[in-house]
Structures are given as C-alpha cells and as structure tokens.
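To start, the structure under review is shown below, and the notes come after it.
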Amino acid sequence: MKKALRRTALGISMAAVITLTASCSWLSTVNDDKTINWSADKLYTEARDSLDNSNWSQAEEYYTKLESRYPFGRYAQQAQIEMAYAYWKDGDPAQAIQACDRFLRSYPNHPASDYVLYMKALATLNEDDGFFARLTRQDISDRDAQAARDAWDTFRELVQKYPDSRYAPEARRRLNELILAQANHEVKVARFYFIRHAYVAAVARAQRVITDYSRTPYRDEALQIMADSYGYLGMKDNEKDVRRVIALNKEHPETQVKMPKIEKPTIEAPKNVPSTQVRQQAK
C-alpha cells in the first residue's frame, strides 16, 4: 500500500514538473515574440518589407501571424497572395499551391485571381527546379508528366476565365510548351521501350505522339521509332507504310515543325496595395 502511494505521489510530482516546464517554455516563447503587440498595420508592413528584401522565411512568419491574428482584417486578402508568392520564391511549391487554392476558394471573384492562377501554375511546375530545362533530358519522370498536365489545366482555366488578363498571352504560350512537354514525354517512353526491345509497347507510345501531337517536333522521331519497331517485329507492310510517310515529310518541308525556344517563365511580386485601397476592398 505504501509503495503504491509512493508511486502515485511520484507520478503526480513528475506530471507537475512537466506541466511547469511546458508552461515556462510557453511563457518564454511568448515573451520572446517581439510581434506579440504589433498591430495589423505593423505586421503587414514588416512582412512586405521582408518580401521586398527577399527574406522569404521572415515574410512567411509575419504573414502567418497576420492571418492568424487578424483573419478578417483589411490586409487578409493581400497577405494571402503575398504569402503564396513567398512560399514559391522560398522553394516550397506545395505550400504555394495550397495558399493559392485557399485564396481562390475564399475570394473567387478577386481582381487578382488571374495573377494567383498564374502563380499556381508556375508553382505546379516547380520552376525553381528548372522544369522546362528538363524537357530535353533523357528521364521519363511520371511526376513531371503529371505536373505538366496539372499546370496545363491551370493555364487553361486562366485563359478561359480571364481571356483579357495581362497573363493570358503568356499562359497561352505556356500551354503550347506544355503540349511539347507531353509529346516529349511520350517519345522518351517510346525510346525507352525500343531500347529494351519492347517493340509493341514502343509502337503504342509512338502512335500516341502521331495521334495527339502530330504538329510537334517529336512527330518525326516517333515515326522513326514506329518504323524500326515494325521492322524488328517482322511487320514489313506496316514498316513500309511508315517509311513512306517519313519520306513524304522530307519532300515537303512545310510539314516539318521546328522546336521553339523554351524560356523559363517568371512572375513579379504581388503589387503592394496601399492602405486606402486595402480598406476599400475590405468594405
């Protein structure tokens, strides 16, 4: 009985020590937080200064505190946009996409929705890792292909909803580049199968390029893979038909397509909305 009481007393004492330690730690954290008494104006100004100075982590911290303390204040909308941009510039595309989606759900008719859609598309492609620069490499990454499809959907949504947006022309150009990315992916997969003597699979992938991406620069390589695969499969009639198409394409240069120059897209920081304008939007 005495042992049981001692164990109970020891447990209570340990729990008290843990609780006291946690409380002290929490109080210490609160006391160390210099922003604890900052107003919404002060938090936004400091967050924006950090953003303008490329101090992305500091900006994220201030925007997070601004949103949690003043979720319905006059800076709420602008802070969400700028926080998404900070995440993207800080190399955290997943958080940037989440922030964009949250903003678009909360403010579907906001004047900056086209900007947020464009930023979401770029974050989806993870531009800081050089997505478009990878189009000429020999990898066959399914993740890249899915990113291309998701970004294509976002760019298309931007063009359809906001055809007169300042970002619409760039979005249309990116849609074309993403078509190239998809065609490139299919050709890489076809080449992958061909090298490994999986000729039926190589033909299927190459045929997809001819069917869906016939106006891309990858058409001719897809035809060549098909012809060579048919040759190894002993399907001589099919091989002759495809080689006839290849010959016709060479005789008519106007049917040949050229690879456009692919550039890495950029996006400027969100405009710093003056306090008076923010107040008007909040009403």
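Within each chain, counting starts at residue 1; across the structure tokens, chains are named A, B, ... in the order shown, with ligands numbered 1 upward in that order.
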
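For segment 44-58 of chain A, the non-local neighbours within 10 Å, defined as residues at least 4 positions apart in the same chain or in other chains and counting only C-alpha atoms, are Thr35, Trp38, Ser39, Ala40, Tyr62, Tyr63, Thr64, Lys65, Leu66, Glu67, Tyr75, Ala76, Gln78, Ala79, Glu82, Met83, Tyr85, Ala86, Tyr87, Trp88, Lys89, Asp90, Gly91, Ala269, Pro270 and Asn272 of chain A.
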
Original post:
Could you pull out the helix (DSSP H, G or I) residues of segment 42-104 of chain A from DSSP and send them as a PyMOL selection string?
Top reply: chain A and resi 42-52+56-69+76-89+93-104

Using the selection just defined, write its residues with C-alpha atoms as a JSON list (two decimals), in the first residue's frame.
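Output saved as again-v9.json:
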[["chain", "number", "residue", "atom", "x", "y", "z"],
["A", 42, "LYS", "CA", 2.78, 46.86, -38.34],
["A", 43, "LEU", "CA", 2.69, 43.13, -39.16],
["A", 44, "TYR", "CA", 1.80, 43.77, -42.79],
["A", 45, "THR", "CA", 4.44, 46.47, -43.22],
["A", 46, "GLU", "CA", 7.18, 44.27, -41.76],
["A", 47, "ALA", "CA", 6.03, 41.27, -43.82],
["A", 48, "ARG", "CA", 6.04, 43.30, -47.01],
["A", 49, "ASP", "CA", 9.48, 44.73, -46.24],
["A", 50, "SER", "CA", 10.79, 41.20, -45.76],
["A", 51, "LEU", "CA", 9.22, 40.16, -49.05],
["A", 52, "ASP", "CA", 10.74, 43.10, -50.92],
["A", 56, "TRP", "CA", 11.19, 34.77, -47.67],
["A", 57, "SER", "CA", 11.18, 32.86, -44.37],
["A", 58, "GLN", "CA", 10.75, 36.03, -42.35],
["A", 59, "ALA", "CA", 7.95, 37.16, -44.64],
["A", 60, "GLU", "CA", 6.19, 33.81, -44.28],
["A", 61, "GLU", "CA", 6.38, 34.06, -40.49],
["A", 62, "TYR", "CA", 4.91, 37.56, -40.40],
["A", 63, "TYR", "CA", 2.15, 36.77, -42.91],
["A", 64, "THR", "CA", 1.20, 33.66, -40.94],
["A", 65, "LYS", "CA", 0.90, 35.69, -37.73],
["A", 66, "LEU", "CA", -1.03, 38.42, -39.52],
["A", 67, "GLU", "CA", -3.52, 35.92, -40.90],
["A", 68, "SER", "CA", -3.97, 34.09, -37.60],
["A", 69, "ARG", "CA", -4.38, 37.25, -35.51],
["A", 76, "ALA", "CA", -6.31, 39.44, -45.09],
["A", 77, "GLN", "CA", -6.67, 39.11, -48.86],
["A", 78, "GLN", "CA", -3.42, 40.81, -49.80],
["A", 79, "ALA", "CA", -1.48, 38.86, -47.17],
["A", 80, "GLN", "CA", -2.63, 35.54, -48.61],
["A", 81, "ILE", "CA", -1.46, 36.49, -52.09],
["A", 82, "GLU", "CA", 1.92, 37.69, -50.89],
["A", 83, "MET", "CA", 2.39, 34.65, -48.65],
["A", 84, "ALA", "CA", 1.80, 32.33, -51.63],
["A", 85, "TYR", "CA", 4.47, 34.25, -53.56],
["A", 86, "ALA", "CA", 6.89, 34.00, -50.62],
["A", 87, "TYR", "CA", 6.40, 30.22, -50.45],
["A", 88, "TRP", "CA", 7.07, 29.88, -54.16],
["A", 89, "LYS", "CA", 10.21, 32.01, -54.05],
["A", 93, "PRO", "CA", 5.84, 24.93, -54.28],
["A", 94, "ALA", "CA", 3.49, 22.63, -52.35],
["A", 95, "GLN", "CA", 2.77, 25.33, -49.79],
["A", 96, "ALA", "CA", 2.45, 27.92, -52.55],
["A", 97, "ILE", "CA", -0.16, 25.80, -54.35],
["A", 98, "GLN", "CA", -2.11, 25.29, -51.12],
["A", 99, "ALA", "CA", -2.05, 29.02, -50.44],
["A", 100, "CYS", "CA", -3.24, 29.77, -53.98],
["A", 101, "ASP", "CA", -6.06, 27.23, -53.75],
["A", 102, "ARG", "CA", -7.16, 28.59, -50.39],
["A", 103, "PHE", "CA", -7.22, 32.14, -51.74],
["A", 104, "LEU", "CA", -9.16, 31.16, -54.88]]

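Distances from A:Pro111, A:Ala183, A:Asp33, A:Thr216 to Ser165 of chain A were compared using only C-alpha atoms, and the smallest one belongs to A:Pro111.
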
Closest contacts (segment 152-200 of chain A/segment 231-253 of chain A, max 10 Å, only C-alpha atoms) as a tab-separated table:
residue	atom	partner	partner_atom	distance
A:Phe194	CA	A:Tyr232	CA	9.9
A:His197	CA	A:Tyr232	CA	8.6
A:Ala198	CA	A:Leu233	CA	9.8
A:Tyr199	CA	A:Leu233	CA	7.0
A:Val200	CA	A:Leu233	CA	8.0

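Atom CA of Val116 of chain A is positioned 12.4 Å from atom CA of Arg166 of chain A.
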
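With distances restricted to only C-alpha atoms, A:Glu170 is the closest residue to Met119 of chain A from A:Glu186, A:Asp164, A:Glu170, A:Asp228.
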
Shell of 10 Å around segment 152-162 of chain A, only C-alpha atoms, local chain residues under 4 positions omitted, as an mmCIF file with N, CA, C and O atoms, in the first residue's frame:
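Output saved as part.cif:
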data_model
loop_
_atom_site.group_PDB
_atom_site.id
_atom_site.type_symbol
_atom_site.label_atom_id
_atom_site.label_comp_id
_atom_site.auth_asym_id
_atom_site.auth_seq_id
_atom_site.Cartn_x
_atom_site.Cartn_y
_atom_site.Cartn_z
ATOM 1 N N SER A 113 -7.285 37.348 -59.094
ATOM 2 C CA SER A 113 -7.423 35.901 -59.276
ATOM 3 C C SER A 113 -6.609 35.391 -60.456
ATOM 4 O O SER A 113 -6.076 34.276 -60.417
ATOM 5 N N ASP A 114 -6.506 36.188 -61.511
ATOM 6 C CA ASP A 114 -5.708 35.754 -62.662
ATOM 7 C C ASP A 114 -4.237 35.626 -62.295
ATOM 8 O O ASP A 114 -3.557 34.680 -62.698
ATOM 9 N N TYR A 115 -3.751 36.566 -61.486
ATOM 10 C CA TYR A 115 -2.367 36.503 -61.005
ATOM 11 C C TYR A 115 -2.150 35.252 -60.175
ATOM 12 O O TYR A 115 -1.138 34.544 -60.335
ATOM 13 N N VAL A 116 -3.089 34.952 -59.279
ATOM 14 C CA VAL A 116 -2.943 33.791 -58.394
ATOM 15 C C VAL A 116 -2.988 32.495 -59.198
ATOM 16 O O VAL A 116 -2.232 31.561 -58.927
ATOM 17 N N LEU A 117 -3.845 32.430 -60.199
ATOM 18 C CA LEU A 117 -3.887 31.244 -61.060
ATOM 19 C C LEU A 117 -2.561 31.054 -61.790
ATOM 20 O O LEU A 117 -2.058 29.926 -61.906
ATOM 21 N N TYR A 118 -2.017 32.140 -62.289
ATOM 22 C CA TYR A 118 -0.739 32.054 -62.995
ATOM 23 C C TYR A 118 0.366 31.586 -62.058
ATOM 24 O O TYR A 118 1.176 30.719 -62.412
ATOM 25 N N MET A 119 0.394 32.123 -60.844
ATOM 26 C CA MET A 119 1.405 31.709 -59.873
ATOM 27 C C MET A 119 1.222 30.240 -59.490
ATOM 28 O O MET A 119 2.202 29.501 -59.325
ATOM 29 N N LYS A 120 -0.021 29.803 -59.367
ATOM 30 C CA LYS A 120 -0.284 28.397 -59.046
ATOM 31 C C LYS A 120 0.261 27.480 -60.134
ATOM 32 O O LYS A 120 0.857 26.432 -59.838
ATOM 33 N N ALA A 121 0.073 27.866 -61.388
ATOM 34 C CA ALA A 121 0.575 27.052 -62.496
ATOM 35 C C ALA A 121 2.096 26.953 -62.452
ATOM 36 O O ALA A 121 2.666 25.873 -62.646
ATOM 37 N N LEU A 122 2.757 28.064 -62.178
ATOM 38 C CA LEU A 122 4.220 28.035 -62.105
ATOM 39 C C LEU A 122 4.695 27.190 -60.923
ATOM 40 O O LEU A 122 5.668 26.446 -61.038
ATOM 41 N N THR A 124 3.126 24.713 -59.669
ATOM 42 C CA THR A 124 2.865 23.317 -60.021
ATOM 43 C C THR A 124 4.026 22.730 -60.812
ATOM 44 O O THR A 124 4.406 21.570 -60.652
ATOM 45 N N LEU A 125 4.612 23.539 -61.668
ATOM 46 C CA LEU A 125 5.748 23.082 -62.459
ATOM 47 C C LEU A 125 7.052 23.126 -61.674
ATOM 48 O O LEU A 125 8.080 22.654 -62.158
ATOM 49 N N GLN A 146 2.766 14.409 -64.871
ATOM 50 C CA GLN A 146 1.575 14.795 -64.130
ATOM 51 C C GLN A 146 1.596 16.278 -63.814
ATOM 52 O O GLN A 146 0.567 16.960 -63.881
ATOM 53 N N ALA A 147 2.765 16.797 -63.465
ATOM 54 C CA ALA A 147 2.879 18.231 -63.205
ATOM 55 C C ALA A 147 2.518 19.019 -64.452
ATOM 56 O O ALA A 147 1.848 20.057 -64.376
ATOM 57 N N ALA A 148 2.948 18.526 -65.610
ATOM 58 C CA ALA A 148 2.624 19.207 -66.869
ATOM 59 C C ALA A 148 1.120 19.213 -67.101
ATOM 60 O O ALA A 148 0.544 20.228 -67.517
ATOM 61 N N ARG A 166 -3.642 40.276 -68.360
ATOM 62 C CA ARG A 166 -2.276 40.543 -68.811
ATOM 63 C C ARG A 166 -1.446 39.268 -68.814
ATOM 64 O O ARG A 166 -0.410 39.186 -69.464
ATOM 65 N N TYR A 167 -1.915 38.236 -68.084
ATOM 66 C CA TYR A 167 -1.193 36.959 -68.029
ATOM 67 C C TYR A 167 -1.694 35.965 -69.072
ATOM 68 O O TYR A 167 -1.100 34.901 -69.245
ATOM 69 N N ALA A 168 -2.790 36.295 -69.766
ATOM 70 C CA ALA A 168 -3.370 35.362 -70.734
ATOM 71 C C ALA A 168 -2.428 35.047 -71.901
ATOM 72 O O ALA A 168 -2.287 33.877 -72.273
ATOM 73 N N PRO A 169 -1.767 36.043 -72.518
ATOM 74 C CA PRO A 169 -0.850 35.704 -73.618
ATOM 75 C C PRO A 169 0.274 34.772 -73.193
ATOM 76 O O PRO A 169 0.620 33.826 -73.909
ATOM 77 N N GLU A 170 0.829 35.033 -72.006
ATOM 78 C CA GLU A 170 1.892 34.163 -71.507
ATOM 79 C C GLU A 170 1.341 32.778 -71.199
ATOM 80 O O GLU A 170 2.000 31.760 -71.448
ATOM 81 N N ALA A 171 0.128 32.714 -70.669
ATOM 82 C CA ALA A 171 -0.483 31.417 -70.367
ATOM 83 C C ALA A 171 -0.697 30.618 -71.641
ATOM 84 O O ALA A 171 -0.472 29.398 -71.659
ATOM 85 N N ARG A 172 -1.116 31.280 -72.717
ATOM 86 C CA ARG A 172 -1.309 30.578 -73.994
ATOM 87 C C ARG A 172 0.012 30.026 -74.509
ATOM 88 O O ARG A 172 0.074 28.909 -75.046
ATOM 89 N N ARG A 173 1.058 30.808 -74.369
ATOM 90 C CA ARG A 173 2.373 30.330 -74.822
ATOM 91 C C ARG A 173 2.831 29.139 -73.979
ATOM 92 O O ARG A 173 3.398 28.181 -74.499
ATOM 93 N N ARG A 174 2.555 29.182 -72.683
ATOM 94 C CA ARG A 174 2.928 28.067 -71.811
ATOM 95 C C ARG A 174 2.097 26.827 -72.123
ATOM 96 O O ARG A 174 2.583 25.704 -71.999
ATOM 97 N N LEU A 175 0.858 27.011 -72.530
ATOM 98 C CA LEU A 175 0.049 25.868 -72.935
ATOM 99 C C LEU A 175 0.699 25.144 -74.109
ATOM 100 O O LEU A 175 0.751 23.907 -74.145
ATOM 101 N N ASN A 176 1.211 25.903 -75.049
ATOM 102 C CA ASN A 176 1.900 25.303 -76.189
ATOM 103 C C ASN A 176 3.149 24.556 -75.744
ATOM 104 O O ASN A 176 3.437 23.446 -76.214
ATOM 105 N N GLU A 177 3.894 25.146 -74.826
ATOM 106 C CA GLU A 177 5.108 24.496 -74.330
ATOM 107 C C GLU A 177 4.783 23.203 -73.582
ATOM 108 O O GLU A 177 5.544 22.228 -73.646
ATOM 109 N N LEU A 178 3.661 23.213 -72.868
ATOM 110 C CA LEU A 178 3.282 22.009 -72.134
ATOM 111 C C LEU A 178 2.826 20.903 -73.066
ATOM 112 O O LEU A 178 3.003 19.720 -72.765
ATOM 113 N N ILE A 179 2.230 21.280 -74.208
ATOM 114 C CA ILE A 179 1.938 20.277 -75.233
ATOM 115 C C ILE A 179 3.241 19.626 -75.692
ATOM 116 O O ILE A 179 3.336 18.399 -75.856
#

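You will find atom CA of Ala222 of chain A at 27.9 Å from atom CA of Asn126 of chain A.
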